[in-house]
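K.L.:
Shown below is the structure under consideration.
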Amino acid sequence: MDVIELSPRLHLLRFPVGQAYLWRDGGELTLVDAGPAGSGAPIAEAVTALGRHPRDVRRIVLTHFHEDHAGGAAEFAALSGAEVLAHRLDAPAVRGDVPGPEPLFEDWERPLHEQALRLLPQGDHARPREVTEVSGGEVLDIGCGAHVVHVPGHTHGSIALHLPRHGVLFTGDTVAASPVDGTVMPGVFNLDRAQVLAACLRLAELEPDVACFGHGEPVTARAARALRSAALGRPA
């Protein structure tokens, strides 16, 4: 797992598939997404290497239920005591009560999905039994007020997390950046692509400076412009 400092308060944690983010408020940390199964211990080691204790991570905000984002949540929550939050529509899949719905793949996405599956741990893994459910519209005690934005499309319960005082937006997999050239694009492996495109525009209207994606390099300046371009299919 790679740990990359984006700012003194924000670190990117990169896994073989997907990535998470660690946000600092004074002595308190928030983890946005938790990587695939088996990521709990590496995340704890990364937190320790940054001079903090895993118990300083007070909450894990899951942007959606997919395994590359929620698979490590139970393990890290057990190590840290962190509260796990997810949208009420995705929470049953996060807990393992029901299987999450399969994406509606476009033909060109299938090889990419098969490649990603080969990199993810196989078999059963622990699921967080205690999940605090959100619906969108809540303001969390993160970064002087973090707004939970419900952005269905990638999954029914996908959320973004917006920190307006800091100009930072965590998009989950609603938006991504190409691993080839960094082009910002709508996310893939969706339930409803039209909803994803609409969500990209909604997120652009928040006028973030920094956009942190579930896959690909974050945009650290003029992110709103990149989000609009992604939704409209135009280069930024």
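Naming works like this for the structure tokens: A, B, ... for the chains as they're shown, residue 1 at the start of each chain, ligands 1 onward in shown order.
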Excluding Arg225 (chain A) and its own-chain neighbours fewer than 3 positions away, which residues fall within 9 Å of it when counting only C-alpha atoms? Please give them as a PyMOL selection string.

P.N.:
chain A and resi 204+207-208+222+228-230+236

K.L.:
Write out as number ranges by chain which residues come within 12 Å of Pro8 (chain A) when counting only C-alpha atoms, dropping same-chain ones fewer than 4 positions away.

P.N.:
A: 4, 12, 22-26, 50

K.L.:
With N, CA and C atoms retained, export the selected residues as a CSV table (one decimal), in the first residue's frame.

P.N.:
chain,number,residue,atom,x,y,z
A,4,ILE,N,0.5,8.6,0.2
A,4,ILE,CA,0.9,9.8,-0.5
A,4,ILE,C,0.3,11.0,0.2
A,12,LEU,N,-3.5,10.2,0.8
A,12,LEU,CA,-4.1,9.1,-0.1
A,12,LEU,C,-3.4,7.8,0.3
A,22,LEU,N,-7.2,9.6,4.1
A,22,LEU,CA,-7.1,9.9,5.6
A,22,LEU,C,-7.1,11.4,5.8
A,23,TRP,N,-8.1,11.9,6.5
A,23,TRP,CA,-8.3,13.3,6.7
A,23,TRP,C,-8.0,13.6,8.2
A,24,ARG,N,-7.3,14.7,8.5
A,24,ARG,CA,-6.9,15.0,9.9
A,24,ARG,C,-7.6,16.3,10.3
A,25,ASP,N,-8.2,16.3,11.5
A,25,ASP,CA,-8.7,17.4,12.2
A,25,ASP,C,-8.1,17.5,13.6
A,26,GLY,N,-7.0,18.2,13.7
A,26,GLY,CA,-6.3,18.3,15.0
A,26,GLY,C,-5.8,16.9,15.4
A,50,LEU,N,2.6,7.7,10.4
A,50,LEU,CA,2.3,9.1,10.3
A,50,LEU,C,2.4,9.8,11.7

K.L.:
Give me, as a tab-separated table, the closest atom pair and its distance (Å, one decimal) for every residue of region 79-121 of chain A within a cut-off of 8 Å of region 61-65 of chain A, counting only C-alpha atoms, rows sorted by chain and rising number.

P.N.:
residue	atom	partner	partner_atom	distance
A:Val84	CA	A:Val61	CA	6.1
A:Leu85	CA	A:Val61	CA	4.9
A:Ala86	CA	A:Leu62	CA	5.2
A:His87	CA	A:His64	CA	7.4
A:Asp90	CA	A:Phe65	CA	5.7
A:Ala91	CA	A:Phe65	CA	7.2
A:Ala93	CA	A:Phe65	CA	6.1
A:Val94	CA	A:Phe65	CA	5.2
A:Gly100	CA	A:Phe65	CA	7.4

K.L.:
Write out as a ChimeraX atom specification all residues of region 36-167 of chain A that DSSP puts in helix (DSSP H, G or I) for this structure's backbone.

P.N.:
/A:40-49,54-56,67-70,73-80,91-95,109-119

K.L.:
Find the spatial neighbours of Ala82 (chain A), counting only C-alpha atoms, within a cut-off of 9 Å - ignore same-chain residues fewer than 5 positions away - and output them as an MDAnalysis selection string.

P.N.:
chainID A and resid 30 54:60 76:77

K.L.:
Which of these, A:Leu6, A:Ala49, A:Cys144, A:Val139, has the shortest distance to Val219 (chain A) once you count only C-alpha atoms?

P.N.:
A:Leu6

K.L.:
Under the rule that only C-alpha atoms are counted, which of A:Leu10, A:Leu191, A:Ala70, A:Ala46 is the nearest residue to Val210 (chain A)?

P.N.:
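Of A:Leu10, A:Leu191, A:Ala70, A:Ala46, the one nearest Val210 (chain A) is A:Leu10, counting only C-alpha atoms.
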
K.L.:
Report the closest atom pair, with its distance in Å rounded to one decimal, for each residue of region 122-142 of chain A that has an atom no farther than 12 Å from region 36-45 of chain A; count only C-alpha atoms, sort by chain and then rising residue number, and write it as a tab-separated table.

P.N.:
residue	atom	partner	partner_atom	distance
A:Gln122	CA	A:Ala37	CA	8.8
A:Gly123	CA	A:Ala37	CA	9.6
A:Asp124	CA	A:Ala37	CA	9.0
A:His125	CA	A:Ala37	CA	6.5
A:Ala126	CA	A:Ala37	CA	8.0
A:Arg127	CA	A:Ala37	CA	9.3
A:Pro128	CA	A:Ala37	CA	11.6

K.L.:
Would you mind writing down, as a ChimeraX atom specification, each residue of region 95-145 of chain A that DSSP on the backbone assigns to strand (DSSP E or B)?

P.N.:
/A:132-134,139-140

K.L.:
Write a file of the selected residues as a PDB file, in the first residue's frame, keeping N, CA and C atoms.

P.N.:
ATOM      1  N   THR A 132     -23.486   2.848  11.010  1.00  0.00           N
ATOM      2  CA  THR A 132     -24.340   4.025  11.156  1.00  0.00           C
ATOM      3  C   THR A 132     -24.831   4.431   9.771  1.00  0.00           C
ATOM      4  N   GLU A 133     -26.139   4.486   9.612  1.00  0.00           N
ATOM      5  CA  GLU A 133     -26.710   4.763   8.299  1.00  0.00           C
ATOM      6  C   GLU A 133     -26.971   6.254   8.112  1.00  0.00           C
ATOM      7  N   VAL A 134     -26.618   6.750   6.927  1.00  0.00           N
ATOM      8  CA  VAL A 134     -26.908   8.125   6.544  1.00  0.00           C
ATOM      9  C   VAL A 134     -27.799   8.089   5.311  1.00  0.00           C
ATOM     10  N   VAL A 139     -24.623  16.717   7.995  1.00  0.00           N
ATOM     11  CA  VAL A 139     -23.359  17.433   8.110  1.00  0.00           C
ATOM     12  C   VAL A 139     -22.582  16.782   9.248  1.00  0.00           C
ATOM     13  N   LEU A 140     -21.461  16.166   8.907  1.00  0.00           N
ATOM     14  CA  LEU A 140     -20.652  15.440   9.875  1.00  0.00           C
ATOM     15  C   LEU A 140     -19.589  16.343  10.463  1.00  0.00           C
TER      16      LEU A 140
END
